Amino acid sequence: MAEAAIGAGLSGALLLIALRDETDSNLTALKVSQVTRWLVDLFSLIMTVLIGWVLWLTIYVEPVERLAPLANAMLEHSGVSNPVTAVLLNYRGYDTLLELVVVLAAVLGVMVVGRERRGYRQAGPVFCGLVHWLVPLLIVTAGYLLWIGAHTPGGAFQAGATLAAAGIVLRLAGNDAAGLPEGMWLRWLLVAGIGLFLTVGLGVTLNDGQFLQYPKAWSGTLILLIESAATASIAAALVLAYRGGRPDGWLSVADKDNDREVSS
Amino acid sequence: MTQALIYALTGAVLFMLGVRSTLLRDSLLARILGLNVSGAGIFLIFVSLAYRGDSMPTDPIPHALVLTGLVVAISATALALALNRRLREMDDE
């Protein structure tokens with residue numbers, strides 16, 4: 001599963017940089033009584049057995065009525081030939097739209113609670129050499145993943161995660177902005193995915209009265225358009241999360257107030 | 001199908017290990033990590049349930065759910081880590 005590996009890689013990067021912030025790195029056990037620990041252990045064991053039993057029933061016993069035949073049967077109307085992309089961007093477009101909203105909300109939260117970490121010093125010649133061919137390669141790979149998402153595994157999230165990896169490599173090499181633009185451009189980049197998705201959704205509503213019900217002839221193009229914008233937004237959000245807060249000068253007034261508070 | 005069951009059971013064990021460590025750990029970072037591990041367990045369960053034997057194509061719906069879930073999970077993790085960092089900064093002041 002490429003997507004699981006990418007997700008694990010990025011969350012690994014996020015968790016590792018958070019671990020660096022921990023000044024006292026003692027992952028000690030909570031001071032709870034032995035009885036509580038035993039109870040929690042017992043609870044975990046029982047729950048594991050229960051979940052396992054349900055899974056066993058699901059796989060072996062229950063005759064399953066699934067949505068898969070329906071999803072595959074309607075594939076020719078969806079504008080793409082990869083069923084996963086069809087589910088994400090066509091049948092269940094709402095889910096993906098709201099997922100982009102969740103990403104934006106999370107990154108706004110990250111920016112509200114603190115300022116970004118200090119960047120790294122300029123990398124040495126060897127690492128710079130690596131960056132010089134790795135970053136273009138990652139960008140090309142992201143574009144490729146986005147394009148093939150229409151018919152084989154791939155798509156906006158994988159492409160976004162790969163682009164974000166390029167940003168993280170850039171930041172590790174000493175580029176503090178991690179390849180992101182500043183000010184208004186960054187804001188537009190962050191909302192591009194949702195903005196385009198909503199525009200397309202409302203556009204097709206005006207066309208034939210159903211929200212996110214693409215016209216058949218256009219669905220492939222519209223899906224690619226939405227996915228491109230979503231890729232950019234997801235990548236920007238993930239890189240900002242890696243930077244750890246709002247960039248300096250994001251809210252000029254609030255940051256000045258904050259400085260005054262700290263100095264006084 | 002046995003293969004799918006093995007993966008699903010591994011997912012169940014991962015999930016409960018994550019929940020247990022979320023409940024019992026002291027450090028906030030370890031708790032966030034525990035939640036992530038339990039999330040990974042759930043994704044593993046979903047992906048293994050999508051498998052329907054070699055003769056049939058895999059079920060795309062669990063895969064789509066997992067993809068959405070991954071993005072939401074990583075966003076939530078990022079927010080939790082930012083809150084953790086802010087709490088630490090406030091403790092230091």
# chains A, B, ... in the order shown; residues from 1 in each chain; ligands from 1
>>> residues_around(residues="segment 103-120 of chain A", least_positions_apart="6", cutoff="10 Å", atoms="only C-alpha atoms", output="PDB file with N, CA, C and O atoms, in the first residue's frame")
ATOM      1  N   ILE A  17      10.039  15.372  14.499  1.00  0.00           N
ATOM      2  CA  ILE A  17      10.386  16.761  14.776  1.00  0.00           C
ATOM      3  C   ILE A  17       9.748  17.199  16.089  1.00  0.00           C
ATOM      4  O   ILE A  17      10.297  18.035  16.820  1.00  0.00           O
ATOM      5  N   ASP A  21      11.462  18.533  20.104  1.00  0.00           N
ATOM      6  CA  ASP A  21      11.051  19.612  21.001  1.00  0.00           C
ATOM      7  C   ASP A  21      10.999  19.166  22.455  1.00  0.00           C
ATOM      8  O   ASP A  21      11.093  19.989  23.361  1.00  0.00           O
ATOM      9  N   ARG A 171      13.321  22.069   3.378  1.00  0.00           N
ATOM     10  CA  ARG A 171      13.478  22.739   4.675  1.00  0.00           C
ATOM     11  C   ARG A 171      14.665  22.161   5.425  1.00  0.00           C
ATOM     12  O   ARG A 171      15.421  22.893   6.059  1.00  0.00           O
ATOM     13  N   LEU A 172      14.832  20.842   5.350  1.00  0.00           N
ATOM     14  CA  LEU A 172      15.971  20.213   6.019  1.00  0.00           C
ATOM     15  C   LEU A 172      17.284  20.715   5.438  1.00  0.00           C
ATOM     16  O   LEU A 172      18.312  20.750   6.119  1.00  0.00           O
ATOM     17  N   ALA A 173      17.254  21.133   4.163  1.00  0.00           N
ATOM     18  CA  ALA A 173      18.480  21.614   3.535  1.00  0.00           C
ATOM     19  C   ALA A 173      18.729  23.090   3.828  1.00  0.00           C
ATOM     20  O   ALA A 173      19.679  23.659   3.321  1.00  0.00           O
ATOM     21  N   GLY A 174      17.862  23.721   4.617  1.00  0.00           N
ATOM     22  CA  GLY A 174      18.138  25.092   5.007  1.00  0.00           C
ATOM     23  C   GLY A 174      17.268  26.138   4.358  1.00  0.00           C
ATOM     24  O   GLY A 174      17.436  27.323   4.613  1.00  0.00           O
ATOM     25  N   ASN A 175      16.311  25.715   3.515  1.00  0.00           N
ATOM     26  CA  ASN A 175      15.365  26.666   2.934  1.00  0.00           C
ATOM     27  C   ASN A 175      14.210  26.834   3.931  1.00  0.00           C
ATOM     28  O   ASN A 175      13.347  25.958   4.036  1.00  0.00           O
ATOM     29  N   ASP A 176      14.202  27.943   4.660  1.00  0.00           N
ATOM     30  CA  ASP A 176      13.260  28.088   5.774  1.00  0.00           C
ATOM     31  C   ASP A 176      11.805  28.029   5.337  1.00  0.00           C
ATOM     32  O   ASP A 176      10.954  27.509   6.043  1.00  0.00           O
ATOM     33  N   ALA A 177      11.514  28.573   4.130  1.00  0.00           N
ATOM     34  CA  ALA A 177      10.124  28.600   3.700  1.00  0.00           C
ATOM     35  C   ALA A 177       9.680  27.256   3.153  1.00  0.00           C
ATOM     36  O   ALA A 177       8.502  27.066   2.881  1.00  0.00           O
ATOM     37  N   ALA A 178      10.615  26.310   2.983  1.00  0.00           N
ATOM     38  CA  ALA A 178      10.318  24.977   2.459  1.00  0.00           C
ATOM     39  C   ALA A 178       9.614  25.046   1.110  1.00  0.00           C
ATOM     40  O   ALA A 178       8.738  24.248   0.815  1.00  0.00           O
ATOM     41  N   LEU A 190      -3.496  27.554   0.119  1.00  0.00           N
ATOM     42  CA  LEU A 190      -4.137  26.710   1.130  1.00  0.00           C
ATOM     43  C   LEU A 190      -5.609  26.473   0.822  1.00  0.00           C
ATOM     44  O   LEU A 190      -6.129  25.397   1.101  1.00  0.00           O
ATOM     45  N   VAL A 191      -6.295  27.480   0.281  1.00  0.00           N
ATOM     46  CA  VAL A 191      -7.730  27.304   0.034  1.00  0.00           C
ATOM     47  C   VAL A 191      -8.030  26.877  -1.395  1.00  0.00           C
ATOM     48  O   VAL A 191      -9.193  26.702  -1.745  1.00  0.00           O
ATOM     49  N   GLY A 193      -7.753  24.058  -3.051  1.00  0.00           N
ATOM     50  CA  GLY A 193      -8.473  22.802  -3.208  1.00  0.00           C
ATOM     51  C   GLY A 193      -9.949  22.961  -2.932  1.00  0.00           C
ATOM     52  O   GLY A 193     -10.804  22.630  -3.766  1.00  0.00           O
ATOM     53  N   ILE A 194     -10.266  23.513  -1.747  1.00  0.00           N
ATOM     54  CA  ILE A 194     -11.679  23.692  -1.387  1.00  0.00           C
ATOM     55  C   ILE A 194     -12.348  24.654  -2.350  1.00  0.00           C
ATOM     56  O   ILE A 194     -13.470  24.424  -2.808  1.00  0.00           O
ATOM     57  N   SER A 233      -3.081  22.108  -2.310  1.00  0.00           N
ATOM     58  CA  SER A 233      -3.507  22.525  -0.974  1.00  0.00           C
ATOM     59  C   SER A 233      -3.039  21.547   0.092  1.00  0.00           C
ATOM     60  O   SER A 233      -2.562  21.956   1.157  1.00  0.00           O
ATOM     61  N   ILE A 234      -3.174  20.228  -0.190  1.00  0.00           N
ATOM     62  CA  ILE A 234      -2.754  19.236   0.795  1.00  0.00           C
ATOM     63  C   ILE A 234      -1.254  19.360   1.051  1.00  0.00           C
ATOM     64  O   ILE A 234      -0.797  19.347   2.199  1.00  0.00           O
ATOM     65  N   ALA A 236       0.681  21.992   0.646  1.00  0.00           N
ATOM     66  CA  ALA A 236       0.980  23.221   1.383  1.00  0.00           C
ATOM     67  C   ALA A 236       0.622  23.053   2.854  1.00  0.00           C
ATOM     68  O   ALA A 236       1.388  23.451   3.752  1.00  0.00           O
ATOM     69  N   ALA A 237      -0.537  22.418   3.126  1.00  0.00           N
ATOM     70  CA  ALA A 237      -0.967  22.244   4.519  1.00  0.00           C
ATOM     71  C   ALA A 237       0.001  21.353   5.271  1.00  0.00           C
ATOM     72  O   ALA A 237       0.390  21.652   6.414  1.00  0.00           O
ATOM     73  N   LEU A 238       0.441  20.248   4.643  1.00  0.00           N
ATOM     74  CA  LEU A 238       1.341  19.320   5.328  1.00  0.00           C
ATOM     75  C   LEU A 238       2.689  19.974   5.598  1.00  0.00           C
ATOM     76  O   LEU A 238       3.272  19.805   6.674  1.00  0.00           O
ATOM     77  N   VAL A 239       3.179  20.749   4.623  1.00  0.00           N
ATOM     78  CA  VAL A 239       4.479  21.399   4.820  1.00  0.00           C
ATOM     79  C   VAL A 239       4.380  22.446   5.935  1.00  0.00           C
ATOM     80  O   VAL A 239       5.267  22.552   6.785  1.00  0.00           O
ATOM     81  N   LEU A 240       3.248  23.185   5.949  1.00  0.00           N
ATOM     82  CA  LEU A 240       3.065  24.174   7.019  1.00  0.00           C
ATOM     83  C   LEU A 240       3.022  23.487   8.380  1.00  0.00           C
ATOM     84  O   LEU A 240       3.583  23.979   9.362  1.00  0.00           O
ATOM     85  N   ALA A 241       2.347  22.307   8.423  1.00  0.00           N
ATOM     86  CA  ALA A 241       2.306  21.555   9.681  1.00  0.00           C
ATOM     87  C   ALA A 241       3.709  21.144  10.086  1.00  0.00           C
ATOM     88  O   ALA A 241       4.050  21.166  11.272  1.00  0.00           O
ATOM     89  N   TYR A 242       4.547  20.802   9.108  1.00  0.00           N
ATOM     90  CA  TYR A 242       5.918  20.417   9.422  1.00  0.00           C
ATOM     91  C   TYR A 242       6.714  21.626   9.919  1.00  0.00           C
ATOM     92  O   TYR A 242       7.535  21.513  10.814  1.00  0.00           O
ATOM     93  N   ARG A 243       6.438  22.792   9.336  1.00  0.00           N
ATOM     94  CA  ARG A 243       7.118  24.000   9.822  1.00  0.00           C
ATOM     95  C   ARG A 243       6.679  24.324  11.238  1.00  0.00           C
ATOM     96  O   ARG A 243       7.387  25.003  11.970  1.00  0.00           O
ATOM     97  N   GLY A 244       5.510  23.859  11.638  1.00  0.00           N
ATOM     98  CA  GLY A 244       5.135  23.872  13.053  1.00  0.00           C
ATOM     99  C   GLY A 244       4.363  25.082  13.522  1.00  0.00           C
ATOM    100  O   GLY A 244       4.181  25.260  14.722  1.00  0.00           O
ATOM    101  N   GLY A 245       3.897  25.946  12.651  1.00  0.00           N
ATOM    102  CA  GLY A 245       3.131  27.086  13.121  1.00  0.00           C
ATOM    103  C   GLY A 245       3.018  28.123  12.039  1.00  0.00           C
ATOM    104  O   GLY A 245       3.375  27.866  10.895  1.00  0.00           O
ATOM    105  N   ARG A 246       2.509  29.298  12.414  1.00  0.00           N
ATOM    106  CA  ARG A 246       2.353  30.307  11.371  1.00  0.00           C
ATOM    107  C   ARG A 246       3.720  30.896  11.026  1.00  0.00           C
ATOM    108  O   ARG A 246       4.573  31.052  11.907  1.00  0.00           O
ATOM    109  N   PRO A 247       3.923  31.174   9.755  1.00  0.00           N
ATOM    110  CA  PRO A 247       5.189  31.794   9.354  1.00  0.00           C
ATOM    111  C   PRO A 247       5.338  33.180   9.985  1.00  0.00           C
ATOM    112  O   PRO A 247       4.337  33.821  10.320  1.00  0.00           O
ATOM    113  N   ASP A 248       6.551  33.597  10.181  1.00  0.00           N
ATOM    114  CA  ASP A 248       6.773  34.936  10.747  1.00  0.00           C
ATOM    115  C   ASP A 248       6.156  35.976   9.835  1.00  0.00           C
ATOM    116  O   ASP A 248       6.301  35.916   8.619  1.00  0.00           O
ATOM    117  N   GLY A 249       5.461  36.928  10.441  1.00  0.00           N
ATOM    118  CA  GLY A 249       4.857  37.986   9.648  1.00  0.00           C
ATOM    119  C   GLY A 249       3.513  37.603   9.078  1.00  0.00           C
ATOM    120  O   GLY A 249       2.977  38.288   8.222  1.00  0.00           O
ATOM    121  N   TRP A 250       2.955  36.475   9.531  1.00  0.00           N
ATOM    122  CA  TRP A 250       1.641  36.062   9.016  1.00  0.00           C
ATOM    123  C   TRP A 250       0.574  37.002   9.536  1.00  0.00           C
ATOM    124  O   TRP A 250      -0.235  37.534   8.783  1.00  0.00           O
ATOM    125  N   LEU A 251       0.573  37.197  10.859  1.00  0.00           N
ATOM    126  CA  LEU A 251      -0.374  38.143  11.467  1.00  0.00           C
ATOM    127  C   LEU A 251       0.482  39.221  12.099  1.00  0.00           C
ATOM    128  O   LEU A 251       0.884  39.083  13.232  1.00  0.00           O
ATOM    129  N   ASP A 255       1.413  39.206  16.258  1.00  0.00           N
ATOM    130  CA  ASP A 255       2.755  38.824  16.656  1.00  0.00           C
ATOM    131  C   ASP A 255       3.458  39.943  17.403  1.00  0.00           C
ATOM    132  O   ASP A 255       4.185  39.702  18.358  1.00  0.00           O
TER     133      ASP A 255
ATOM    134  N   VAL B  71      -5.601  11.108   5.563  1.00  0.00           N
ATOM    135  CA  VAL B  71      -5.404  12.562   5.494  1.00  0.00           C
ATOM    136  C   VAL B  71      -5.935  13.220   6.773  1.00  0.00           C
ATOM    137  O   VAL B  71      -5.280  14.078   7.368  1.00  0.00           O
ATOM    138  N   VAL B  72      -7.124  12.771   7.202  1.00  0.00           N
ATOM    139  CA  VAL B  72      -7.692  13.360   8.414  1.00  0.00           C
ATOM    140  C   VAL B  72      -6.811  13.038   9.619  1.00  0.00           C
ATOM    141  O   VAL B  72      -6.547  13.902  10.468  1.00  0.00           O
ATOM    142  N   ALA B  73      -6.305  11.789   9.680  1.00  0.00           N
ATOM    143  CA  ALA B  73      -5.474  11.391  10.819  1.00  0.00           C
ATOM    144  C   ALA B  73      -4.204  12.228  10.890  1.00  0.00           C
ATOM    145  O   ALA B  73      -3.816  12.692  11.969  1.00  0.00           O
ATOM    146  N   ILE B  74      -3.580  12.463   9.729  1.00  0.00           N
ATOM    147  CA  ILE B  74      -2.320  13.208   9.770  1.00  0.00           C
ATOM    148  C   ILE B  74      -2.588  14.673  10.119  1.00  0.00           C
ATOM    149  O   ILE B  74      -1.800  15.301  10.838  1.00  0.00           O
ATOM    150  N   SER B  75      -3.740  15.212   9.673  1.00  0.00           N
ATOM    151  CA  SER B  75      -4.066  16.589  10.056  1.00  0.00           C
ATOM    152  C   SER B  75      -4.305  16.682  11.550  1.00  0.00           C
ATOM    153  O   SER B  75      -3.806  17.599  12.217  1.00  0.00           O
ATOM    154  N   ALA B  76      -5.056  15.712  12.086  1.00  0.00           N
ATOM    155  CA  ALA B  76      -5.340  15.733  13.520  1.00  0.00           C
ATOM    156  C   ALA B  76      -4.053  15.577  14.319  1.00  0.00           C
ATOM    157  O   ALA B  76      -3.850  16.244  15.338  1.00  0.00           O
ATOM    158  N   THR B  77      -3.146  14.706  13.831  1.00  0.00           N
ATOM    159  CA  THR B  77      -1.867  14.532  14.511  1.00  0.00           C
ATOM    160  C   THR B  77      -1.087  15.839  14.536  1.00  0.00           C
ATOM    161  O   THR B  77      -0.527  16.224  15.566  1.00  0.00           O
ATOM    162  N   ALA B  78      -1.072  16.520  13.377  1.00  0.00           N
ATOM    163  CA  ALA B  78      -0.326  17.773  13.301  1.00  0.00           C
ATOM    164  C   ALA B  78      -0.885  18.786  14.293  1.00  0.00           C
ATOM    165  O   ALA B  78      -0.130  19.467  15.004  1.00  0.00           O
ATOM    166  N   LEU B  79      -2.225  18.855  14.385  1.00  0.00           N
ATOM    167  CA  LEU B  79      -2.840  19.803  15.311  1.00  0.00           C
ATOM    168  C   LEU B  79      -2.514  19.421  16.756  1.00  0.00           C
ATOM    169  O   LEU B  79      -2.162  20.275  17.578  1.00  0.00           O
ATOM    170  N   ALA B  80      -2.603  18.109  17.054  1.00  0.00           N
ATOM    171  CA  ALA B  80      -2.313  17.655  18.417  1.00  0.00           C
ATOM    172  C   ALA B  80      -0.868  17.970  18.793  1.00  0.00           C
ATOM    173  O   ALA B  80      -0.580  18.416  19.909  1.00  0.00           O
ATOM    174  N   LEU B  81       0.051  17.764  17.836  1.00  0.00           N
ATOM    175  CA  LEU B  81       1.464  18.038  18.129  1.00  0.00           C
ATOM    176  C   LEU B  81       1.683  19.527  18.357  1.00  0.00           C
ATOM    177  O   LEU B  81       2.462  19.916  19.238  1.00  0.00           O
ATOM    178  N   ALA B  82       0.987  20.364  17.585  1.00  0.00           N
ATOM    179  CA  ALA B  82       1.135  21.809  17.768  1.00  0.00           C
ATOM    180  C   ALA B  82       0.619  22.213  19.149  1.00  0.00           C
ATOM    181  O   ALA B  82       1.247  23.026  19.851  1.00  0.00           O
ATOM    182  N   LEU B  83      -0.517  21.630  19.561  1.00  0.00           N
ATOM    183  CA  LEU B  83      -1.067  21.938  20.890  1.00  0.00           C
ATOM    184  C   LEU B  83      -0.105  21.474  21.974  1.00  0.00           C
ATOM    185  O   LEU B  83       0.124  22.176  22.972  1.00  0.00           O
ATOM    186  N   ASN B  84       0.482  20.298  21.767  1.00  0.00           N
ATOM    187  CA  ASN B  84       1.446  19.765  22.725  1.00  0.00           C
ATOM    188  C   ASN B  84       2.638  20.709  22.902  1.00  0.00           C
ATOM    189  O   ASN B  84       3.067  21.016  24.009  1.00  0.00           O
ATOM    190  N   ARG B  85       3.113  21.225  21.754  1.00  0.00           N
ATOM    191  CA  ARG B  85       4.272  22.124  21.795  1.00  0.00           C
ATOM    192  C   ARG B  85       3.919  23.416  22.534  1.00  0.00           C
ATOM    193  O   ARG B  85       4.689  23.932  23.338  1.00  0.00           O
ATOM    194  N   ARG B  86       2.703  23.915  22.251  1.00  0.00           N
ATOM    195  CA  ARG B  86       2.274  25.151  22.901  1.00  0.00           C
ATOM    196  C   ARG B  86       2.159  24.954  24.421  1.00  0.00           C
ATOM    197  O   ARG B  86       2.588  25.803  25.207  1.00  0.00           O
ATOM    198  N   LEU B  87       1.599  23.805  24.824  1.00  0.00           N
ATOM    199  CA  LEU B  87       1.476  23.483  26.252  1.00  0.00           C
ATOM    200  C   LEU B  87       2.852  23.459  26.899  1.00  0.00           C
ATOM    201  O   LEU B  87       3.048  23.999  28.002  1.00  0.00           O
ATOM    202  N   GLU B  89       5.557  25.002  25.890  1.00  0.00           N
ATOM    203  CA  GLU B  89       6.082  26.376  25.969  1.00  0.00           C
ATOM    204  C   GLU B  89       5.470  27.113  27.156  1.00  0.00           C
ATOM    205  O   GLU B  89       6.152  27.848  27.866  1.00  0.00           O
TER     206      GLU B  89
END
>>> residues_around(residues="Val37 of chain B", least_positions_apart="2", cutoff="10 Å", atoms="only C-alpha atoms", output="list of chain:residue names")
B:Gly11, B:Leu14, B:Phe15, B:Met16, B:Leu17, B:Gly18, B:Val19, B:Ser21, B:Thr22, B:Arg31, B:Ile32, B:Leu33, B:Gly34, B:Leu35, B:Gly39, B:Ala40, B:Gly41, B:Ile42, B:Phe43
>>> select_by_dssp(residues="chain B", states="helix (DSSP H, G or I)", output="MDAnalysis selection string")
chainID B and resid 2:24 28:50 60:92
>>> residues_around(residues="Phe46 of chain B", least_positions_apart="2", cutoff="12 Å", atoms="only C-alpha atoms", output="MDAnalysis selection string")
(chainID A and resid 4 55 58:59) or (chainID B and resid 4:5 7:12 39:44 48:51 58:67 69:70)
>>> atom_distance(atom1="atom CA of Ser78 of chain A", atom2="atom CA of Lys216 of chain A")
7.1 Å
>>> closest_residue(among="B:Thr2, B:Ser38, B:Ser27, B:Ser55", to="chain A", atoms="only C-alpha atoms")
B:Ser27
>>> closest_residue(among="A:Phe157, A:Tyr144, A:Trp133, A:Trp38", to="chain B", atoms="only C-alpha atoms")
A:Phe157
>>> closest_residue(among="A:Leu212, A:Arg20, A:Gly52, A:Val35", to="chain B", atoms="only C-alpha atoms")
A:Gly52
>>> closest_residue(among="B:Gly53, B:Arg25, B:Arg88, B:Ile6", to="chain A", atoms="only C-alpha atoms")
B:Arg25
>>> closest_residue(among="B:Pro57, B:Asp92, B:Gln3, B:Asp26", to="chain A", atoms="only C-alpha atoms")
B:Asp26
>>> residues_around(residues="Met74 of chain A", least_positions_apart="6", cutoff="12 Å", atoms="only C-alpha atoms", output="PDB file with N, CA and C atoms, in the first residue's frame")
ATOM      1  N   LEU A  67     -20.950  -2.934  -1.600  1.00  0.00           N
ATOM      2  CA  LEU A  67     -21.162  -1.867  -2.575  1.00  0.00           C
ATOM      3  C   LEU A  67     -20.225  -2.013  -3.765  1.00  0.00           C
ATOM      4  N   ALA A  68     -19.253  -2.930  -3.642  1.00  0.00           N
ATOM      5  CA  ALA A  68     -18.227  -3.031  -4.681  1.00  0.00           C
ATOM      6  C   ALA A  68     -18.803  -3.308  -6.073  1.00  0.00           C
ATOM      7  N   VAL A  80     -13.431   8.254 -14.788  1.00  0.00           N
ATOM      8  CA  VAL A  80     -12.106   7.701 -14.517  1.00  0.00           C
ATOM      9  C   VAL A  80     -12.239   6.182 -14.524  1.00  0.00           C
ATOM     10  N   SER A  81     -11.085   5.478 -14.615  1.00  0.00           N
ATOM     11  CA  SER A  81     -11.203   4.016 -14.613  1.00  0.00           C
ATOM     12  C   SER A  81     -10.608   3.402 -13.348  1.00  0.00           C
ATOM     13  N   ASN A  82     -10.108   4.236 -12.423  1.00  0.00           N
ATOM     14  CA  ASN A  82      -9.643   3.706 -11.144  1.00  0.00           C
ATOM     15  C   ASN A  82     -10.813   3.797 -10.156  1.00  0.00           C
ATOM     16  N   PRO A  83     -11.320   2.647  -9.677  1.00  0.00           N
ATOM     17  CA  PRO A  83     -12.518   2.690  -8.823  1.00  0.00           C
ATOM     18  C   PRO A  83     -12.320   3.521  -7.559  1.00  0.00           C
ATOM     19  N   ALA A  86     -12.785   7.021  -8.413  1.00  0.00           N
ATOM     20  CA  ALA A  86     -14.201   7.258  -8.703  1.00  0.00           C
ATOM     21  C   ALA A  86     -14.989   7.427  -7.412  1.00  0.00           C
ATOM     22  N   VAL A  87     -14.697   6.558  -6.418  1.00  0.00           N
ATOM     23  CA  VAL A  87     -15.407   6.677  -5.138  1.00  0.00           C
ATOM     24  C   VAL A  87     -15.089   8.016  -4.481  1.00  0.00           C
ATOM     25  N   ASN A  90     -16.069  11.161  -7.207  1.00  0.00           N
ATOM     26  CA  ASN A  90     -17.341  11.231  -7.906  1.00  0.00           C
ATOM     27  C   ASN A  90     -18.502  10.753  -7.032  1.00  0.00           C
ATOM     28  N   TYR A  91     -18.505   9.452  -6.648  1.00  0.00           N
ATOM     29  CA  TYR A  91     -19.650   8.957  -5.886  1.00  0.00           C
ATOM     30  C   TYR A  91     -19.751   9.658  -4.540  1.00  0.00           C
ATOM     31  N   LYS A 216     -21.583  13.967 -17.531  1.00  0.00           N
ATOM     32  CA  LYS A 216     -20.784  12.797 -17.899  1.00  0.00           C
ATOM     33  C   LYS A 216     -19.596  13.140 -18.778  1.00  0.00           C
TER      34      LYS A 216
END
